[in-house]
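my_file-v7.txt follows (compact mmCIF, C-alpha atoms):
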```
# COMPACT_ATOMS: atom_id res chain seq x y z
CA MET A 193 -62.87 -14.23 -5.33
CA THR A 194 -59.46 -13.74 -6.95
CA ASP A 195 -56.97 -16.52 -7.57
CA ALA A 196 -54.66 -14.99 -4.97
CA ASP A 197 -57.42 -15.39 -2.37
CA VAL A 198 -57.89 -19.01 -3.45
CA ASN A 199 -54.18 -19.70 -2.87
CA VAL A 200 -54.29 -18.17 0.60
CA ARG A 201 -57.48 -20.04 1.42
CA LEU A 202 -55.94 -23.28 0.18
CA ALA A 203 -53.01 -22.66 2.54
CA LYS A 204 -55.54 -22.31 5.36
CA VAL A 205 -57.42 -25.48 4.36
CA LEU A 206 -54.19 -27.48 4.17
CA ALA A 207 -53.09 -26.11 7.55
CA ASP A 208 -56.45 -27.13 9.05
CA ASP A 209 -55.92 -30.61 7.58
CA LEU A 210 -52.43 -30.89 9.13
CA THR A 211 -51.54 -33.92 11.20
CA PRO A 212 -48.11 -34.71 12.69
CA VAL A 213 -45.95 -36.90 10.45
CA ARG A 214 -43.03 -39.22 11.13
CA ARG A 215 -40.02 -37.93 9.22
CA LEU A 216 -38.71 -40.29 6.56
CA VAL A 217 -35.57 -42.25 7.38
CA PRO A 218 -32.56 -40.97 5.32
CA PRO A 219 -32.24 -42.71 1.93
CA GLY A 220 -28.80 -44.14 2.79
CA LEU A 221 -30.20 -46.00 5.78
CA ARG A 222 -33.15 -47.28 3.76
CA VAL A 223 -30.73 -48.63 1.14
CA LEU A 224 -28.78 -50.41 3.90
CA ILE A 225 -31.99 -51.98 5.27
CA TRP A 226 -32.93 -53.31 1.84
CA LEU A 227 -29.39 -54.57 1.21
CA ALA A 228 -29.40 -56.26 4.64
CA VAL A 229 -32.49 -58.24 3.60
CA VAL A 230 -30.74 -59.12 0.32
CA GLY A 231 -27.72 -60.24 2.38
CA VAL A 232 -29.93 -62.54 4.48
CA VAL A 233 -31.43 -64.05 1.30
CA ALA A 234 -27.91 -64.50 -0.15
CA CYS A 235 -26.69 -66.26 3.01
CA ALA A 236 -29.74 -68.54 2.99
CA LEU A 237 -29.14 -69.44 -0.68
CA ALA A 238 -25.40 -69.96 -0.08
CA THR A 239 -26.18 -72.72 2.43
CA VAL A 240 -27.92 -74.75 -0.28
CA SER A 241 -25.57 -73.92 -3.17
CA ASP A 242 -22.16 -75.23 -4.21
CA VAL A 243 -20.04 -72.26 -3.13
CA GLY A 244 -16.81 -74.27 -3.62
CA THR A 245 -17.44 -74.68 -7.37
CA LEU A 246 -18.21 -70.95 -7.67
CA ILE A 247 -14.93 -70.01 -5.96
CA ARG A 248 -12.95 -72.45 -8.16
CA ARG A 249 -14.47 -70.97 -11.34
CA LEU A 250 -13.86 -67.42 -10.15
CA THR A 251 -10.17 -68.17 -9.56
CA VAL A 252 -9.80 -69.76 -13.02
CA VAL A 253 -11.80 -67.23 -15.09
CA PRO A 254 -10.98 -63.61 -14.22
CA GLU A 255 -13.79 -61.93 -16.21
CA MET A 256 -16.33 -63.89 -14.16
CA TRP A 257 -15.13 -61.81 -11.22
CA LEU A 258 -15.82 -58.71 -13.25
CA ALA A 259 -19.30 -59.89 -14.24
CA VAL A 260 -20.18 -60.79 -10.64
CA THR A 261 -18.73 -57.51 -9.35
CA GLY A 262 -20.62 -55.61 -12.09
CA SER A 263 -23.96 -57.19 -11.15
CA ILE A 264 -23.42 -56.58 -7.41
CA LEU A 265 -22.35 -52.97 -8.01
CA THR A 266 -25.36 -52.47 -10.30
CA ALA A 267 -27.66 -53.75 -7.56
CA VAL A 268 -26.17 -51.44 -4.91
CA LEU A 269 -25.98 -48.34 -7.13
CA ALA A 270 -29.45 -48.88 -8.62
CA ALA A 271 -30.92 -49.29 -5.11
CA ILE A 272 -29.23 -46.03 -4.04
CA ALA A 273 -30.59 -44.29 -7.15
CA ALA A 274 -34.12 -45.64 -6.57
CA PHE A 275 -34.22 -44.48 -2.95
CA GLN A 276 -32.85 -41.06 -3.92
CA LEU A 277 -35.43 -40.73 -6.70
CA SER A 278 -38.20 -41.62 -4.26
CA LEU A 279 -37.69 -38.17 -2.73
CA PRO A 280 -39.38 -35.20 -4.43
CA ASP A 281 -36.37 -32.87 -4.46
CA ARG A 282 -33.82 -35.17 -6.08
CA LYS A 283 -32.55 -34.67 -9.64
CA ALA A 284 -33.38 -37.15 -12.42
CA SER A 285 -29.64 -37.55 -13.00
CA TRP A 286 -29.55 -39.96 -10.04
CA ALA A 287 -30.88 -42.54 -12.52
CA LEU A 288 -27.47 -42.46 -14.26
CA LEU A 289 -25.65 -43.64 -11.13
CA PRO A 290 -25.77 -47.38 -11.92
CA LEU A 291 -24.78 -46.87 -15.59
CA PRO A 292 -20.99 -47.57 -15.24
CA ALA A 293 -21.71 -50.75 -13.26
CA VAL A 294 -24.27 -51.87 -15.86
CA LEU A 295 -21.65 -51.39 -18.60
CA LEU A 296 -19.11 -53.42 -16.59
CA TRP A 297 -21.67 -56.17 -16.00
CA ILE A 298 -22.77 -56.37 -19.64
CA GLY A 299 -19.19 -56.07 -20.94
CA ALA A 300 -17.77 -58.80 -18.69
CA SER A 301 -20.71 -61.11 -19.43
CA GLY A 302 -20.15 -60.50 -23.16
CA VAL A 303 -16.47 -61.42 -22.84
CA GLY A 304 -17.48 -64.64 -21.02
CA CYS A 305 -19.88 -65.38 -23.85
CA LEU A 306 -17.09 -64.87 -26.43
CA ARG A 307 -14.82 -67.23 -24.47
CA SER A 308 -17.49 -69.93 -24.58
CA TRP A 309 -17.61 -69.49 -28.39
CA THR A 310 -13.84 -69.75 -28.79
CA GLY A 311 -13.85 -72.71 -26.38
CA ALA A 312 -10.80 -71.65 -24.38
CA GLU A 313 -10.82 -72.57 -20.68
CA THR A 314 -14.57 -72.61 -20.63
CA TYR A 315 -17.49 -74.58 -19.30
CA ALA A 316 -20.86 -73.25 -20.30
CA GLY A 317 -22.98 -75.74 -18.34
CA PRO A 318 -25.86 -77.89 -19.53
CA ASP A 319 -28.66 -76.34 -21.68
CA VAL A 320 -31.38 -77.21 -19.18
CA HIS A 321 -29.95 -74.50 -16.93
CA SER A 322 -31.14 -71.72 -19.22
CA GLN A 323 -34.81 -72.03 -18.32
CA ASN A 324 -33.97 -72.60 -14.66
CA CYS A 325 -32.02 -69.33 -14.76
CA LEU A 326 -35.10 -67.53 -16.10
CA PHE A 327 -37.32 -68.87 -13.31
CA PHE A 328 -34.61 -68.19 -10.70
CA ILE A 329 -34.22 -64.52 -11.68
CA LEU A 330 -38.00 -64.00 -11.85
CA GLY A 331 -38.61 -65.90 -8.60
CA ILE A 332 -35.97 -64.03 -6.59
CA SER A 333 -36.84 -60.64 -8.09
CA LEU A 334 -40.51 -60.86 -7.10
CA PRO A 335 -40.15 -60.76 -3.27
CA LEU A 336 -37.25 -58.31 -3.50
CA SER A 337 -39.35 -56.02 -5.72
CA LEU A 338 -42.32 -56.21 -3.35
CA LEU A 339 -40.13 -55.22 -0.40
CA LEU A 340 -38.42 -52.48 -2.39
CA PHE A 341 -41.68 -50.89 -3.54
CA VAL A 342 -43.21 -51.06 -0.07
CA MET A 343 -40.15 -49.09 1.09
CA LEU A 344 -40.10 -46.70 -1.89
CA ARG A 345 -43.78 -45.95 -1.38
CA ARG A 346 -42.96 -44.36 1.97
CA GLY A 347 -41.24 -41.59 -0.01
CA PHE A 348 -42.94 -39.29 -2.50
CA SER A 349 -41.50 -39.59 -5.97
CA LEU A 350 -42.30 -36.95 -8.58
CA ARG A 351 -40.80 -39.29 -11.19
CA PRO A 352 -42.54 -42.60 -10.40
CA ASN A 353 -41.62 -44.32 -13.66
CA LEU A 354 -37.93 -43.48 -13.44
CA THR A 355 -37.91 -44.60 -9.80
CA ALA A 356 -39.62 -47.85 -10.78
CA ILE A 357 -37.11 -48.52 -13.59
CA THR A 358 -34.09 -48.07 -11.31
CA GLY A 359 -35.83 -50.14 -8.62
CA GLY A 360 -36.47 -52.88 -11.18
CA LEU A 361 -32.82 -52.77 -12.24
CA ALA A 362 -31.75 -53.13 -8.60
CA CYS A 363 -33.92 -56.24 -8.13
CA ALA A 364 -32.99 -57.82 -11.46
CA SER A 365 -29.24 -57.32 -10.96
CA THR A 366 -29.48 -58.65 -7.40
CA ALA A 367 -31.20 -61.78 -8.68
CA ALA A 368 -28.59 -62.11 -11.45
CA ALA A 369 -25.77 -61.77 -8.90
CA LEU A 370 -27.37 -64.42 -6.65
CA LEU A 371 -27.76 -66.68 -9.69
CA ASN A 372 -23.97 -67.09 -9.74
CA LEU A 373 -24.31 -69.25 -6.62
CA PHE A 374 -26.11 -71.85 -8.73
CA HIS A 375 -24.70 -71.05 -12.17
CA PRO A 376 -20.90 -70.92 -11.84
CA TYR A 377 -20.33 -71.21 -15.59
CA ASP A 378 -19.26 -68.93 -18.39
CA VAL A 379 -22.38 -67.56 -20.01
CA ALA A 380 -23.06 -69.10 -23.40
CA ALA A 381 -24.96 -67.05 -26.00
CA THR A 382 -28.26 -68.69 -25.00
CA ASP A 383 -27.55 -68.04 -21.33
CA LEU A 384 -26.78 -64.41 -22.03
CA ALA A 385 -30.01 -64.10 -24.04
CA VAL A 386 -32.06 -65.78 -21.30
CA HIS A 387 -30.47 -63.65 -18.55
CA SER A 388 -31.10 -60.50 -20.58
CA LEU A 389 -34.70 -61.57 -21.19
CA ALA A 390 -35.24 -62.25 -17.48
CA VAL A 391 -33.73 -58.89 -16.50
CA ALA A 392 -35.86 -57.13 -19.16
CA ILE A 393 -39.03 -58.84 -17.86
CA VAL A 394 -38.25 -57.84 -14.27
CA ILE A 395 -37.52 -54.22 -15.18
CA SER A 396 -40.64 -53.97 -17.40
CA ALA A 397 -42.90 -55.53 -14.74
CA ASN A 398 -41.47 -53.20 -12.11
CA THR A 399 -41.94 -50.21 -14.38
CA ILE A 400 -45.58 -51.07 -15.10
CA PHE A 401 -46.71 -52.23 -11.65
CA GLY A 402 -44.17 -50.37 -9.49
CA GLY A 403 -44.76 -47.16 -11.44
CA ARG A 404 -48.50 -47.47 -10.78
CA ILE A 405 -47.93 -48.16 -7.09
CA LEU A 406 -45.75 -45.07 -6.77
CA MET A 407 -48.12 -43.00 -8.90
CA SER A 408 -51.10 -43.90 -6.70
CA ASN A 409 -49.05 -42.53 -3.82
CA LYS A 410 -48.54 -39.34 -5.81
CA HIS A 411 -52.28 -38.76 -6.23
CA MET B 257 -7.13 -16.00 -2.49
CA THR B 258 -10.62 -14.66 -2.12
CA ASP B 259 -13.20 -16.32 -4.33
CA VAL B 260 -14.30 -13.65 -6.80
CA SER B 261 -16.66 -15.79 -8.89
CA HIS B 262 -19.74 -14.00 -7.54
CA TYR B 263 -18.46 -10.42 -7.90
CA SER B 264 -19.88 -7.97 -10.38
CA VAL B 265 -17.96 -7.11 -13.56
CA SER B 266 -16.68 -3.90 -12.01
CA ASP B 267 -15.26 -5.81 -9.04
CA VAL B 268 -13.41 -8.20 -11.34
CA THR B 269 -12.06 -5.33 -13.43
CA ILE B 270 -10.72 -3.60 -10.35
CA GLU B 271 -9.13 -6.83 -9.21
CA SER B 272 -7.49 -7.38 -12.63
CA ALA B 273 -6.12 -3.83 -12.72
CA TYR B 274 -4.34 -4.27 -9.44
CA ARG B 275 -3.44 -7.93 -9.83
CA GLY B 276 0.24 -7.13 -10.47
CA SER B 277 0.72 -5.27 -7.26
CA ARG B 278 1.62 -7.49 -4.36
CA GLN B 279 0.70 -4.90 -1.77
CA VAL B 280 -2.69 -4.25 -3.25
CA ARG B 281 -3.26 -7.98 -3.58
CA ALA B 282 -2.57 -8.34 0.10
CA LEU B 283 -5.05 -5.55 0.78
CA TRP B 284 -7.64 -6.97 -1.68
CA PRO B 285 -9.88 -8.71 0.88
CA LEU B 286 -10.03 -5.50 2.93
CA LEU B 287 -10.76 -3.39 -0.16
CA THR B 288 -13.55 -5.67 -1.42
CA ALA B 289 -15.03 -5.96 2.04
CA ALA B 290 -15.40 -2.18 2.06
CA MET B 291 -17.08 -2.02 -1.40
CA PRO B 292 -20.78 -1.11 -1.30
CA GLY B 293 -21.66 -3.76 -3.97
CA ARG B 294 -19.97 -6.50 -2.04
CA VAL B 295 -21.69 -5.43 1.17
CA ALA B 296 -25.07 -5.46 -0.56
CA MET B 297 -24.46 -8.94 -1.99
CA ASP B 298 -23.33 -10.29 1.36
CA ALA B 299 -26.38 -8.75 3.01
CA GLU B 300 -28.67 -10.32 0.39
CA ALA B 301 -27.07 -13.78 0.77
CA SER B 302 -27.32 -13.49 4.53
CA SER B 303 -30.97 -12.43 4.27
CA GLN B 304 -31.74 -15.40 1.97
CA LYS B 305 -30.08 -17.74 4.45
CA GLU B 306 -32.18 -16.26 7.23
CA VAL B 307 -35.38 -16.68 5.17
CA ASP B 308 -34.43 -20.29 4.47
CA ARG B 309 -33.68 -20.90 8.14
CA VAL B 310 -37.09 -19.52 9.17
CA ARG B 311 -38.88 -21.60 6.53
CA ALA B 312 -37.01 -24.75 7.58
CA ALA B 313 -37.88 -24.12 11.24
CA ARG B 314 -41.56 -23.67 10.31
CA MET B 315 -41.51 -26.89 8.27
CA VAL B 316 -40.00 -28.80 11.18
CA ALA B 317 -42.76 -27.39 13.40
CA ALA B 318 -45.33 -28.39 10.75
CA GLN B 319 -43.97 -31.95 10.72
CA ALA B 320 -44.68 -32.00 14.45
CA GLY B 321 -48.26 -30.77 13.81
CA ASP B 322 -48.00 -26.98 14.39
CA ARG B 323 -50.83 -25.61 12.23
CA ALA B 324 -50.08 -21.92 12.72
CA ALA B 325 -46.45 -22.38 11.64
CA TYR B 326 -47.58 -24.44 8.67
CA GLU B 327 -50.12 -21.87 7.47
CA ALA B 328 -47.52 -19.11 7.82
CA LEU B 329 -45.03 -21.23 5.87
CA LEU B 330 -47.46 -21.99 3.02
CA ARG B 331 -48.52 -18.34 2.74
CA ASP B 332 -44.88 -17.31 2.68
CA CYS B 333 -44.18 -19.87 -0.06
CA ILE B 334 -46.85 -18.58 -2.48
CA PRO B 335 -44.86 -15.59 -3.91
CA PHE B 336 -41.74 -17.75 -4.18
CA ILE B 337 -43.64 -20.49 -6.06
CA LYS B 338 -45.09 -17.87 -8.43
CA ARG B 339 -41.60 -16.50 -9.12
CA VAL B 340 -40.15 -19.94 -9.84
CA ALA B 341 -43.12 -20.89 -12.05
CA ARG B 342 -42.72 -17.66 -14.02
CA GLY B 343 -39.02 -18.44 -14.40
CA GLN B 344 -39.96 -21.84 -15.85
CA GLY B 345 -42.01 -20.12 -18.56
CA VAL B 346 -45.48 -20.91 -17.23
CA ARG B 347 -48.11 -18.63 -18.77
CA PRO B 348 -49.65 -16.08 -16.35
CA GLU B 349 -53.13 -17.66 -16.44
CA LEU B 350 -51.65 -21.02 -15.36
CA ILE B 351 -49.42 -19.71 -12.55
CA ASP B 352 -52.10 -20.17 -9.88
CA ASP B 353 -52.70 -23.78 -10.97
CA VAL B 354 -48.99 -24.43 -10.43
CA VAL B 355 -49.15 -22.70 -7.03
CA GLN B 356 -52.08 -24.89 -5.92
CA GLU B 357 -50.52 -28.12 -7.27
CA THR B 358 -47.26 -27.27 -5.50
CA LEU B 359 -49.01 -26.52 -2.20
CA PHE B 360 -50.82 -29.88 -2.42
CA THR B 361 -47.52 -31.62 -3.17
CA VAL B 362 -45.76 -29.92 -0.25
CA HIS B 363 -48.65 -31.07 1.95
CA GLN B 364 -48.46 -34.68 0.77
CA ALA B 365 -44.65 -34.85 0.77
CA ARG B 366 -44.00 -32.97 4.01
CA HIS B 367 -42.68 -36.11 5.73
CA THR B 368 -39.86 -36.33 3.17
CA TYR B 369 -38.32 -32.96 4.09
CA ASP B 370 -34.95 -33.39 5.80
CA PRO B 371 -34.12 -30.44 8.11
CA ASN B 372 -30.41 -30.89 7.32
CA ARG B 373 -31.10 -29.70 3.76
CA SER B 374 -32.28 -26.32 2.47
CA PHE B 375 -36.07 -25.92 2.51
CA THR B 376 -35.96 -23.35 -0.30
CA ALA B 377 -34.04 -25.75 -2.56
CA TRP B 378 -36.54 -28.51 -1.69
CA LEU B 379 -39.48 -26.25 -2.54
CA ARG B 380 -37.82 -24.95 -5.73
CA THR B 381 -37.34 -28.49 -7.12
CA ILE B 382 -40.94 -29.44 -6.37
CA THR B 383 -42.20 -26.20 -7.97
CA GLN B 384 -40.07 -26.69 -11.08
CA ARG B 385 -41.45 -30.22 -11.45
CA ARG B 386 -45.03 -29.03 -11.01
CA ALA B 387 -44.40 -26.19 -13.48
CA ILE B 388 -43.17 -28.71 -16.07
CA ASP B 389 -46.32 -30.81 -15.44
CA GLY B 390 -48.38 -27.62 -15.94
CA LEU B 391 -46.59 -26.77 -19.18
CA ARG B 392 -47.15 -30.29 -20.51
CA ARG B 393 -50.82 -30.16 -19.54
CA GLY B 394 -51.15 -26.76 -21.22
CA GLY B 395 -49.45 -28.14 -24.35
CA ARG B 396 -51.84 -31.09 -24.48
CA THR B 397 -54.84 -28.79 -24.04
CA ARG B 398 -53.65 -26.57 -26.90
CA THR B 399 -53.41 -29.60 -29.23
CA ARG B 400 -57.04 -30.52 -28.45
CA GLU B 401 -58.70 -27.12 -28.11
CA ILE B 402 -58.75 -24.05 -30.36
CA TYR B 403 -59.99 -20.51 -29.80
CA ALA B 404 -62.91 -20.11 -32.21
CA PRO B 405 -65.49 -17.62 -30.85
CA LEU B 406 -67.50 -17.41 -34.11
CA GLU B 407 -67.93 -21.17 -34.39
CA TYR B 408 -68.88 -21.26 -30.74
CA GLU B 409 -71.53 -18.57 -31.18
CA ASN B 410 -72.90 -20.16 -34.36
CA HIS B 411 -73.15 -23.64 -32.91
CA SER B 412 -76.74 -24.89 -33.10
CA ASP B 413 -78.75 -25.26 -29.91
CA PRO B 414 -78.83 -28.97 -29.03
CA ASP B 415 -82.09 -28.44 -27.08
CA SER B 416 -83.99 -28.27 -30.34
CA ASP B 417 -82.79 -31.71 -31.45
CA PRO B 418 -84.78 -34.63 -29.89
CA GLU B 419 -81.94 -37.09 -30.55
CA GLU B 420 -79.44 -34.82 -28.81
CA ALA B 421 -81.87 -34.42 -25.92
CA ALA B 422 -82.12 -38.21 -25.53
CA ILE B 423 -78.35 -38.57 -25.57
CA ARG B 424 -78.02 -35.80 -23.03
CA LEU B 425 -80.58 -37.49 -20.76
CA ASP B 426 -78.55 -40.68 -21.00
CA ASN B 427 -75.36 -38.76 -20.17
CA THR B 428 -77.13 -37.21 -17.18
CA GLU B 429 -77.90 -40.68 -15.82
CA VAL B 430 -74.24 -41.68 -16.27
CA LEU B 431 -73.10 -38.49 -14.54
CA LYS B 432 -75.57 -39.02 -11.67
CA SER B 433 -74.26 -42.52 -11.09
CA ALA B 434 -70.64 -41.25 -11.23
CA ILE B 435 -71.45 -38.54 -8.68
CA GLY B 436 -73.07 -41.20 -6.51
CA ARG B 437 -69.71 -42.99 -6.33
CA LEU B 438 -67.92 -39.92 -4.87
CA SER B 439 -67.21 -39.54 -1.17
CA ALA B 440 -69.88 -37.76 0.89
CA GLY B 441 -67.83 -34.52 1.13
CA GLN B 442 -67.08 -34.42 -2.58
CA ARG B 443 -70.72 -35.21 -3.47
CA GLU B 444 -71.87 -32.38 -1.25
CA ALA B 445 -69.45 -29.98 -2.97
CA VAL B 446 -70.66 -31.03 -6.46
CA GLU B 447 -74.34 -30.81 -5.51
CA HIS B 448 -74.04 -27.30 -4.10
CA LEU B 449 -71.42 -25.71 -6.34
CA ALA B 450 -72.25 -27.35 -9.69
CA LEU B 451 -75.83 -28.63 -9.59
CA ALA B 452 -77.37 -25.89 -7.42
CA TYR B 453 -75.18 -23.12 -8.93
CA GLN B 454 -74.35 -21.79 -5.43
CA SER B 455 -71.26 -19.74 -4.67
CA PRO B 456 -68.75 -21.33 -2.27
CA GLU B 457 -69.83 -18.84 0.43
CA GLN B 458 -73.53 -19.64 0.01
CA ALA B 459 -72.77 -23.37 0.05
CA ALA B 460 -70.58 -22.88 3.13
CA ASN B 461 -73.48 -21.21 5.00
CA ILE B 462 -75.86 -24.02 4.09
CA THR B 463 -73.51 -26.93 4.81
CA SER B 464 -71.73 -25.39 7.85
CA ARG B 465 -68.40 -26.13 6.17
CA SER B 466 -65.68 -23.70 5.17
CA ALA B 467 -65.77 -22.40 1.60
CA GLY B 468 -62.14 -23.46 1.17
CA SER B 469 -62.88 -27.01 2.21
CA LEU B 470 -65.81 -27.13 -0.23
CA ARG B 471 -63.54 -25.81 -2.99
CA VAL B 472 -60.90 -28.43 -2.25
CA ASP B 473 -63.53 -31.18 -2.30
CA TRP B 474 -64.88 -29.72 -5.56
CA HIS B 475 -61.43 -29.99 -7.21
CA ARG B 476 -60.96 -33.51 -5.90
CA ALA B 477 -64.42 -34.47 -7.16
CA LEU B 478 -63.57 -33.12 -10.62
CA LYS B 479 -60.36 -35.16 -10.65
CA SER B 480 -62.19 -38.26 -9.52
CA LEU B 481 -64.93 -37.78 -12.17
CA ARG B 482 -62.27 -37.31 -14.87
CA MET B 483 -60.66 -40.57 -13.76
CA GLN B 484 -64.04 -42.34 -13.81
CA PHE B 485 -64.62 -41.18 -17.37
CA GLY B 486 -61.17 -42.37 -18.38
CA ARG B 487 -59.46 -38.97 -18.62
CA LYS B 488 -56.18 -38.65 -16.76
CA ASP B 489 -55.49 -34.93 -17.08
```
Represent the structure from my file as structure tokens, please.
Amino acid sequence: MTDADVNVRLAKVLADDLTPVRRLVPPGLRVLIWLAVVGVVACALATVSDVGTLIRRLTVVPEMWLAVTGSILTAVLAAIAAFQLSLPDRKASWALLPLPAVLLWIGASGVGCLRSWTGAETYAGPDVHSQNCLFFILGISLPLSLLLFVMLRRGFSLRPNLTAITGGLACASTAAALLNLFHPYDVAATDLAVHSLAVAIVISANTIFGGRILMSNKH
Amino acid sequence: MTDVSHYSVSDVTIESAYRGSRQVRALWPLLTAAMPGRVAMDAEASSQKEVDRVRAARMVAAQAGDRAAYEALLRDCIPFIKRVARGQGVRPELIDDVVQETLFTVHQARHTYDPNRSFTAWLRTITQRRAIDGLRRGGRTRTREIYAPLEYENHSDPDSDPEEAAIRLDNTEVLKSAIGRLSAGQREAVEHLALAYQSPEQAANITSRSAGSLRVDWHRALKSLRMQFGRKD
């Protein structure tokens, strides 16, 4: 039997194996569903946080606005990129979508860190907050990641690791944005280091475990 | 102004020569519409659109469970996949591997196809990805394996070595236990095609299954055995 015959026979076998499928919901709608869940979590956290202090700090320190906006934009754009990459025909360049927002987020946080060094108009918060921040980012990222990967698994990514990295970035930046509800301070150097560590842990864990989840789907 | 980006060189030259003349410029769309080259290109684009429309309609039918439409679609895709794989630089002996991997992927990812988008573009991206996977796999194989017919012919017969025989017996036990962990269909395919040295047609007659189904189970069994022995490729 020639290879050409094998291809034709494979087409027949696959056709015999065919069952009706439910078409995947468009990626934009899936992003909105995930963001809606994030919105519910944010509203729930806002009821137990000191929103007044956050608003006062945001009005006094302009680059905090930029840092918060950067983290929220990163979350939204990374979620869009992850859902796009979960489809087999999308280009890898979707992974670059959140890059400008990441730069804004890192840049504004860095400026806040410099302000806390120079001591001008700054309040960096007590040291005990650093480890709480770590646990907060990890704790919030976990359920968001689980939900995200359950949703991403419905797709069929041909680049599971890249999808997992952008998904991890979406969860980590969401958690970092929500952290502002409880951490309305300029980030000191230790804070910045702890936040970066937490984000790195979330992205790495998502890449390892999320990548495997998506890869098992692939096989 | 008519978009001339897709015209042939001769079309562009003609356009440049007459660019100064207002009257000719006004007549340009009529002139180009009458050119045989332009007509051929328009006909080809229109034919490609029609092919894409038919493929998309078949895929939509396949999503709803229409097996005949799906088989026709997959058969129609095979030459296109081969062409794209060749364009990606896949070696001729690996083209059929790419075709089969792509057909499997289309089968597994069929729920992700959106009828509002081009089916041909969807298939091309999947094929290119599978071709890259094939090229990487081929590259890895070349780093591990060499073509050495003399060494192969001169290699001593392990049957004459009692130690080798003992090791082989041990390996046989390991292999038997690995085969025992396969699904019933895959085990059947391995037993008939590999252990009993039967052709797919002979095995199909004995098992009352189709030869294609046995072959698919055989490939899946090989993949599963590779995974069990810690090899991912």
Can you build me a table of chain A residues sitting at most 12 Å from chain B, with the closest atom pair per residue and its distance in Å to one decimal, using all atoms listed in the file, sorted by chain and residue number, as CSV?
```
residue,atom,partner,partner_atom,distance
A:Met193,CA,B:Pro456,CA,9.7
A:Thr194,CA,B:Asp352,CA,10.2
A:Asp195,CA,B:Asp352,CA,6.5
A:Ala196,CA,B:Asp352,CA,7.6
A:Asp197,CA,B:Gly468,CA,10.0
A:Val198,CA,B:Gly468,CA,7.7
A:Asn199,CA,B:Gln356,CA,6.4
A:Val200,CA,B:Arg331,CA,6.2
A:Arg201,CA,B:Gly468,CA,5.8
A:Leu202,CA,B:Gly468,CA,6.3
A:Ala203,CA,B:Leu330,CA,5.6
A:Lys204,CA,B:Glu327,CA,5.8
A:Val205,CA,B:Gly468,CA,6.0
A:Leu206,CA,B:His363,CA,7.0
A:Ala207,CA,B:Glu327,CA,5.2
A:Asp208,CA,B:Arg323,CA,6.6
A:Asp209,CA,B:Arg323,CA,8.5
A:Leu210,CA,B:Gly321,CA,6.3
A:Thr211,CA,B:Gly321,CA,5.2
A:Pro212,CA,B:Gly321,CA,4.1
A:Val213,CA,B:Gln319,CA,5.3
A:Arg214,CA,B:His367,CA,6.2
A:Arg215,CA,B:His367,CA,4.8
A:Leu216,CA,B:Thr368,CA,5.3
A:Val217,CA,B:Thr368,CA,8.4
A:Pro218,CA,B:Asp370,CA,8.0
A:Pro219,CA,B:Thr368,CA,10.0
A:Phe275,CA,B:Thr368,CA,11.6
A:Gln276,CA,B:Thr368,CA,11.0
A:Leu277,CA,B:Thr368,CA,11.7
A:Ser278,CA,B:Thr368,CA,9.3
A:Leu279,CA,B:Thr368,CA,6.6
A:Pro280,CA,B:Ile382,CA,6.3
A:Asp281,CA,B:Trp378,CA,5.2
A:Arg282,CA,B:Thr381,CA,7.6
A:Lys283,CA,B:Thr381,CA,8.2
A:Ala284,CA,B:Arg385,CA,10.7
A:Leu344,CA,B:Thr368,CA,11.5
A:Arg345,CA,B:Ala365,CA,11.3
A:Arg346,CA,B:Thr368,CA,8.7
A:Gly347,CA,B:Thr368,CA,6.3
A:Phe348,CA,B:Ala365,CA,5.8
A:Ser349,CA,B:Ala365,CA,8.8
A:Leu350,CA,B:Arg385,CA,7.4
A:Arg351,CA,B:Arg385,CA,9.1
A:Asn409,CA,B:Gln364,CA,9.1
A:Lys410,CA,B:Gln364,CA,8.1
A:His411,CA,B:Gln364,CA,9.0
```
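Compared by their closest atoms to Val294 of chain A, and using only C-alpha atoms, the residues A:Ala274, A:Val260, A:Val386, A:Cys235 rank with A:Val260 nearest.
Counting all atoms listed in the file and comparing B:Leu451, B:Gln484, B:Val446, B:Glu409, the residue that lies closest to Val430 of chain B is B:Gln484.
Among the candidate residues B:Glu357, B:Asp389, B:Thr376, B:Asp298, the one lying nearest to Arg311 of chain B is B:Thr376, with distances computed using all atoms listed in the file.
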In Å, how far is it from atom CA of Leu406 of chain B to atom CA of Gly394 of chain B?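 Taking atom CA of Leu406 of chain B and atom CA of Gly394 of chain B, their separation equals 22.8 Å.
You will find atom CA of Gly359 of chain A at 12.0 Å from atom CA of Trp286 of chain A.
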Rounded to one decimal in Å, what is the spacing between atom CA of Val252 of chain A and atom CA of Leu306 of chain A?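 Interatomic distance here is 16.0 Å.
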Exercise on segment 362-369 of chain B, axis-aligned box with 3 Å per side, report centre and edge lengths in Å to one decimal, as JSON:
```
{"center_x": -43.5, "center_y": -33.1, "center_z": 2.7, "size_x": 16.3, "size_y": 12.4, "size_z": 12.0}
```
I need the residue nearest Ile329 of chain A from this list: A:Ile400, A:Val230, A:Ala364, A:Ala271. Use all atoms listed in the file for the distance.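 Answer, going by the shortest atom-to-atom distance: A:Ala364.
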Test item: residues at most 6 Å from Gly360 of chain A, only C-alpha atoms, excluding those fewer than 3 positions along its chain, as a ChimeraX atom specification: /A:356-357,363,395,398
Could I get segment 339-346 of chain B from the block written out with C-alpha atoms, as a short mmCIF file (atom, residue, chain, number, x, y, z; two decimals), in the first residue's frame?
```
data_model
loop_
_atom_site.label_atom_id
_atom_site.label_comp_id
_atom_site.auth_asym_id
_atom_site.auth_seq_id
_atom_site.Cartn_x
_atom_site.Cartn_y
_atom_site.Cartn_z
CA ARG B 339 1.85 21.60 -1.32
CA VAL B 340 2.10 23.70 1.85
CA ALA B 341 4.43 21.16 3.51
CA ARG B 342 6.68 21.18 0.44
CA GLY B 343 6.69 24.98 0.56
CA GLN B 344 7.86 24.79 4.18
CA GLY B 345 10.88 22.74 3.10
CA VAL B 346 9.76 19.34 4.40
#
```
